[in-house]
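Data first, discussion second: the structure below is written as structure tokens.
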Amino acid sequence: MQPTATVLIYSDDADTREQVRLAAGRRPAADVPPVEFVECATLPAVLKELRQGGIDVCVLDGEAAPAGGMGVCRQIKDEVFQAPPVLLLIGRPQDAWLATWSRAEAAVTLPLEPVEFASALASLLRGKAALSA
């Protein structure tokens, strides 16, 4: 297992990015590596970070503006070779079908419930580690 995992957080709202960092903590579960965060507030910044590589999981805000996380997710799944798994933040549970449309591997609702979020993030990190092994 690698010493740290890199999690990209995309949201135009600094408070949402902070909620993600706080909910994940330094290590979302005992069996996954500690996490480091890369924060992006714009779509061009997300694409730049993904081109540079090294991102293990993306957390995308479905409520971001002007480029919502669902559209960003679908775009990176179409355009980025071996795109990392995506955890989508959605506004309402009824939007889960849109998360499926966007090809996100997981979705949680805002406001974040820390245990649910950390569990979903840890699951994606485990899956990423299994693929890398």
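Letters A, B, ... mark the chains of the structure tokens in the order given; residue numbers begin at 1 per chain; ligand numbers begin at 1, in order shown.
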For range 81-130 of chain A against range 49-52 of chain A, with a cut-off of 10 Å and counting only C-alpha atoms, what is the closest atom pair and its distance in Å to one decimal for every residue that makes the cut, ordered by chain and number, as a tab-separated table?
```
residue	atom	partner	partner_atom	distance
A:Phe81	CA	A:Arg51	CA	9.1
A:Ala83	CA	A:Leu50	CA	7.9
A:Pro84	CA	A:Leu50	CA	8.6
```
Dump N, CA, C and O atoms for the selected residues as a compact mmCIF listing (two decimals), in the first residue's frame?
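Result written to out-v7.txt:
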```txt
# COMPACT_ATOMS: atom_id res chain seq x y z
N PHE A 81 -7.70 9.33 -19.50
CA PHE A 81 -7.32 7.92 -19.56
C PHE A 81 -7.16 7.38 -18.14
O PHE A 81 -6.47 7.97 -17.32
N ALA A 83 -9.27 7.33 -15.62
CA ALA A 83 -9.74 8.34 -14.65
C ALA A 83 -9.89 7.70 -13.28
O ALA A 83 -10.31 6.55 -13.15
N PRO A 84 -9.53 8.44 -12.23
CA PRO A 84 -9.69 7.91 -10.88
C PRO A 84 -11.17 7.75 -10.53
O PRO A 84 -12.03 8.38 -11.14
```
DSSP helix (DSSP H, G or I) residues within range 88-131 of chain A, listed as a list in words: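 Answer for range 88-131 of chain A, restricted to helix (DSSP H, G or I): Pro93, Gln94, Asp95, Ala96, Trp97, Leu98, Ala99, Thr100, Trp101, Pro114, Val115, Glu116, Phe117, Ala118, Ser119, Ala120, Leu121, Ala122, Ser123, Leu124, Leu125, Arg126, Gly127, Lys128, Ala129, Ala130 and Leu131 of chain A.
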Å distance separating CA of Cys40 in chain A from CA of Ile9 in chain A, one decimal place: 6.1 Å
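Proximity of A:Ala96, A:Ala104, A:Ala64, A:Val57 to Asp78 in chain A, computed with only C-alpha atoms, is greatest for A:Ala104.
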Who sits within 7 Å of Ala107 in chain A, only C-alpha atoms, same chain under 5 positions skipped, as a list in words: Leu87, Leu88, Leu89, Ile90, Ala96 and Ala99 of chain A
CA of Phe37 in chain A to CA of Lys77 in chain A, straight-line distance in Å: 20.5 Å
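The gap separating CA of Leu125 in chain A from CA of Glu36 in chain A is 12.3 Å, in Å to one decimal.
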Once you count only C-alpha atoms, what closest atom pair and distance in Å to one decimal does each residue of range 94-126 of chain A within 12 Å of range 28-34 of chain A have, with rows by chain and rising residue number, as JSON lines?
```
{"residue": "A:Pro114", "atom": "CA", "partner": "A:Pro28", "partner_atom": "CA", "distance": 9.4}
{"residue": "A:Val115", "atom": "CA", "partner": "A:Pro28", "partner_atom": "CA", "distance": 8.8}
{"residue": "A:Glu116", "atom": "CA", "partner": "A:Pro28", "partner_atom": "CA", "distance": 10.3}
{"residue": "A:Phe117", "atom": "CA", "partner": "A:Pro28", "partner_atom": "CA", "distance": 8.6}
{"residue": "A:Ala118", "atom": "CA", "partner": "A:Pro28", "partner_atom": "CA", "distance": 4.9}
{"residue": "A:Ser119", "atom": "CA", "partner": "A:Pro28", "partner_atom": "CA", "distance": 6.9}
{"residue": "A:Ala120", "atom": "CA", "partner": "A:Pro28", "partner_atom": "CA", "distance": 9.0}
{"residue": "A:Leu121", "atom": "CA", "partner": "A:Pro28", "partner_atom": "CA", "distance": 6.9}
{"residue": "A:Ala122", "atom": "CA", "partner": "A:Pro28", "partner_atom": "CA", "distance": 5.7}
{"residue": "A:Ser123", "atom": "CA", "partner": "A:Val32", "partner_atom": "CA", "distance": 8.8}
{"residue": "A:Leu124", "atom": "CA", "partner": "A:Val32", "partner_atom": "CA", "distance": 9.8}
{"residue": "A:Leu125", "atom": "CA", "partner": "A:Val32", "partner_atom": "CA", "distance": 6.7}
{"residue": "A:Arg126", "atom": "CA", "partner": "A:Val32", "partner_atom": "CA", "distance": 6.5}
```
Take the residues just selected and output them with N, CA and C atoms as a compact mmCIF listing (two decimals), in the first residue's frame.
```txt
# COMPACT_ATOMS: atom_id res chain seq x y z
N PRO A 114 -20.30 12.84 8.40
CA PRO A 114 -18.90 12.40 8.39
C PRO A 114 -18.67 10.90 8.32
N VAL A 115 -19.44 10.10 9.04
CA VAL A 115 -19.23 8.65 9.03
C VAL A 115 -19.56 8.08 7.65
N GLU A 116 -20.68 8.51 7.08
CA GLU A 116 -21.08 8.05 5.75
C GLU A 116 -20.04 8.46 4.70
N PHE A 117 -19.60 9.71 4.77
CA PHE A 117 -18.62 10.19 3.80
C PHE A 117 -17.30 9.43 3.91
N ALA A 118 -16.78 9.30 5.14
CA ALA A 118 -15.50 8.61 5.34
C ALA A 118 -15.59 7.16 4.87
N SER A 119 -16.72 6.52 5.11
CA SER A 119 -16.91 5.13 4.68
C SER A 119 -16.89 5.03 3.15
N ALA A 120 -17.58 5.94 2.48
CA ALA A 120 -17.61 5.92 1.01
C ALA A 120 -16.23 6.20 0.43
N LEU A 121 -15.52 7.17 1.00
CA LEU A 121 -14.18 7.49 0.53
C LEU A 121 -13.23 6.32 0.76
N ALA A 122 -13.29 5.70 1.93
CA ALA A 122 -12.43 4.56 2.23
C ALA A 122 -12.70 3.41 1.27
N SER A 123 -13.95 3.19 0.94
CA SER A 123 -14.30 2.12 0.00
C SER A 123 -13.66 2.36 -1.37
N LEU A 124 -13.70 3.59 -1.84
CA LEU A 124 -13.07 3.91 -3.13
C LEU A 124 -11.56 3.77 -3.06
N LEU A 125 -10.96 4.15 -1.95
CA LEU A 125 -9.51 4.01 -1.79
C LEU A 125 -9.12 2.54 -1.75
N ARG A 126 -9.93 1.69 -1.10
CA ARG A 126 -9.65 0.24 -1.09
C ARG A 126 -9.71 -0.32 -2.49
```
All residues 10 Å or closer to Thr42 in chain A, only C-alpha atoms, same chain fewer than 4 positions away omitted, as a PyMOL selection string: chain A and resi 10-12+46-47+64-68
Just to be explicit: take each residue in the selection above, keep all heavy atoms, and write the result as a PDB file, in the first residue's frame.
```pdb
ATOM      1  N   TYR A  10     -13.175  18.996  -5.681  1.00  0.00           N
ATOM      2  CA  TYR A  10     -13.627  20.067  -6.567  1.00  0.00           C
ATOM      3  C   TYR A  10     -14.927  20.654  -6.038  1.00  0.00           C
ATOM      4  O   TYR A  10     -15.931  19.955  -5.885  1.00  0.00           O
ATOM      5  CB  TYR A  10     -13.855  19.550  -7.986  1.00  0.00           C
ATOM      6  CG  TYR A  10     -14.667  20.513  -8.832  1.00  0.00           C
ATOM      7  CD1 TYR A  10     -14.156  21.766  -9.162  1.00  0.00           C
ATOM      8  CD2 TYR A  10     -15.940  20.193  -9.271  1.00  0.00           C
ATOM      9  CE1 TYR A  10     -14.903  22.665  -9.913  1.00  0.00           C
ATOM     10  CE2 TYR A  10     -16.692  21.082 -10.026  1.00  0.00           C
ATOM     11  CZ  TYR A  10     -16.175  22.316 -10.343  1.00  0.00           C
ATOM     12  OH  TYR A  10     -16.914  23.201 -11.081  1.00  0.00           O
ATOM     13  N   SER A  11     -14.889  21.935  -5.728  1.00  0.00           N
ATOM     14  CA  SER A  11     -16.082  22.700  -5.384  1.00  0.00           C
ATOM     15  C   SER A  11     -15.737  24.174  -5.514  1.00  0.00           C
ATOM     16  O   SER A  11     -14.627  24.579  -5.185  1.00  0.00           O
ATOM     17  CB  SER A  11     -16.549  22.406  -3.953  1.00  0.00           C
ATOM     18  OG  SER A  11     -17.690  23.196  -3.652  1.00  0.00           O
ATOM     19  N   ASP A  12     -16.694  24.959  -5.982  1.00  0.00           N
ATOM     20  CA  ASP A  12     -16.478  26.403  -6.043  1.00  0.00           C
ATOM     21  C   ASP A  12     -16.669  27.028  -4.670  1.00  0.00           C
ATOM     22  O   ASP A  12     -16.353  28.189  -4.464  1.00  0.00           O
ATOM     23  CB  ASP A  12     -17.421  27.050  -7.066  1.00  0.00           C
ATOM     24  CG  ASP A  12     -18.887  26.925  -6.677  1.00  0.00           C
ATOM     25  OD1 ASP A  12     -19.270  25.864  -6.141  1.00  0.00           O
ATOM     26  OD2 ASP A  12     -19.656  27.872  -6.915  1.00  0.00           O
ATOM     27  N   VAL A  46      -9.153  21.341 -12.219  1.00  0.00           N
ATOM     28  CA  VAL A  46      -9.366  19.888 -12.090  1.00  0.00           C
ATOM     29  C   VAL A  46      -8.667  19.161 -13.235  1.00  0.00           C
ATOM     30  O   VAL A  46      -7.925  18.194 -13.011  1.00  0.00           O
ATOM     31  CB  VAL A  46     -10.878  19.548 -12.086  1.00  0.00           C
ATOM     32  CG1 VAL A  46     -11.101  18.041 -12.203  1.00  0.00           C
ATOM     33  CG2 VAL A  46     -11.550  20.094 -10.847  1.00  0.00           C
ATOM     34  N   LEU A  47      -8.896  19.616 -14.451  1.00  0.00           N
ATOM     35  CA  LEU A  47      -8.304  18.948 -15.621  1.00  0.00           C
ATOM     36  C   LEU A  47      -6.786  19.019 -15.578  1.00  0.00           C
ATOM     37  O   LEU A  47      -6.101  18.037 -15.924  1.00  0.00           O
ATOM     38  CB  LEU A  47      -8.862  19.555 -16.908  1.00  0.00           C
ATOM     39  CG  LEU A  47     -10.371  19.375 -17.104  1.00  0.00           C
ATOM     40  CD1 LEU A  47     -10.838  20.110 -18.349  1.00  0.00           C
ATOM     41  CD2 LEU A  47     -10.761  17.914 -17.130  1.00  0.00           C
ATOM     42  N   ALA A  64     -21.688  22.500  -7.590  1.00  0.00           N
ATOM     43  CA  ALA A  64     -20.736  23.554  -7.963  1.00  0.00           C
ATOM     44  C   ALA A  64     -21.243  24.322  -9.178  1.00  0.00           C
ATOM     45  O   ALA A  64     -22.027  23.811  -9.978  1.00  0.00           O
ATOM     46  CB  ALA A  64     -19.368  22.951  -8.253  1.00  0.00           C
ATOM     47  N   ALA A  65     -20.774  25.571  -9.305  1.00  0.00           N
ATOM     48  CA  ALA A  65     -21.154  26.407 -10.443  1.00  0.00           C
ATOM     49  C   ALA A  65     -19.901  27.098 -10.964  1.00  0.00           C
ATOM     50  O   ALA A  65     -18.998  27.392 -10.191  1.00  0.00           O
ATOM     51  CB  ALA A  65     -22.190  27.440 -10.010  1.00  0.00           C
ATOM     52  N   PRO A  66     -19.758  27.344 -12.230  1.00  0.00           N
ATOM     53  CA  PRO A  66     -20.717  27.061 -13.283  1.00  0.00           C
ATOM     54  C   PRO A  66     -20.663  25.619 -13.798  1.00  0.00           C
ATOM     55  O   PRO A  66     -21.590  25.174 -14.456  1.00  0.00           O
ATOM     56  CB  PRO A  66     -20.321  28.037 -14.388  1.00  0.00           C
ATOM     57  CG  PRO A  66     -18.856  28.203 -14.237  1.00  0.00           C
ATOM     58  CD  PRO A  66     -18.599  28.098 -12.735  1.00  0.00           C
ATOM     59  N   ALA A  67     -19.602  24.892 -13.522  1.00  0.00           N
ATOM     60  CA  ALA A  67     -19.502  23.501 -13.973  1.00  0.00           C
ATOM     61  C   ALA A  67     -19.834  22.586 -12.798  1.00  0.00           C
ATOM     62  O   ALA A  67     -19.066  22.474 -11.857  1.00  0.00           O
ATOM     63  CB  ALA A  67     -18.093  23.212 -14.494  1.00  0.00           C
ATOM     64  N   GLY A  68     -20.999  21.954 -12.845  1.00  0.00           N
ATOM     65  CA  GLY A  68     -21.415  21.064 -11.773  1.00  0.00           C
ATOM     66  C   GLY A  68     -20.609  19.774 -11.765  1.00  0.00           C
ATOM     67  O   GLY A  68     -20.102  19.322 -12.804  1.00  0.00           O
TER      68      GLY A  68
END
```
Secondary structure check, strand (DSSP E or B) residues of chain A, as a list in words: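 Checking each residue of chain A, the strand (DSSP E or B) ones are Ala5, Thr6, Val7, Leu8, Ile9, Tyr10, Val35, Glu36, Phe37, Val38, Glu39, Cys40, Val57, Cys58, Val59, Leu60, Asp61, Val86, Leu87, Leu88, Leu89, Ile90, Ala106, Ala107, Val108 and Thr109 of chain A.
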Residue among A:Val7, A:Met70, A:Val86, A:Leu60 lying closest to Arg26 in chain A, counting only C-alpha atoms: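 Of the candidates, the smallest distance to Arg26 in chain A is held by A:Val7.
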Residue among A:Thr16, A:Lys48, A:Leu110, A:Ile55 lying closest to Val35 in chain A, counting only C-alpha atoms: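 Of A:Thr16, A:Lys48, A:Leu110, A:Ile55, the one nearest Val35 in chain A, counting only C-alpha atoms, is A:Ile55.
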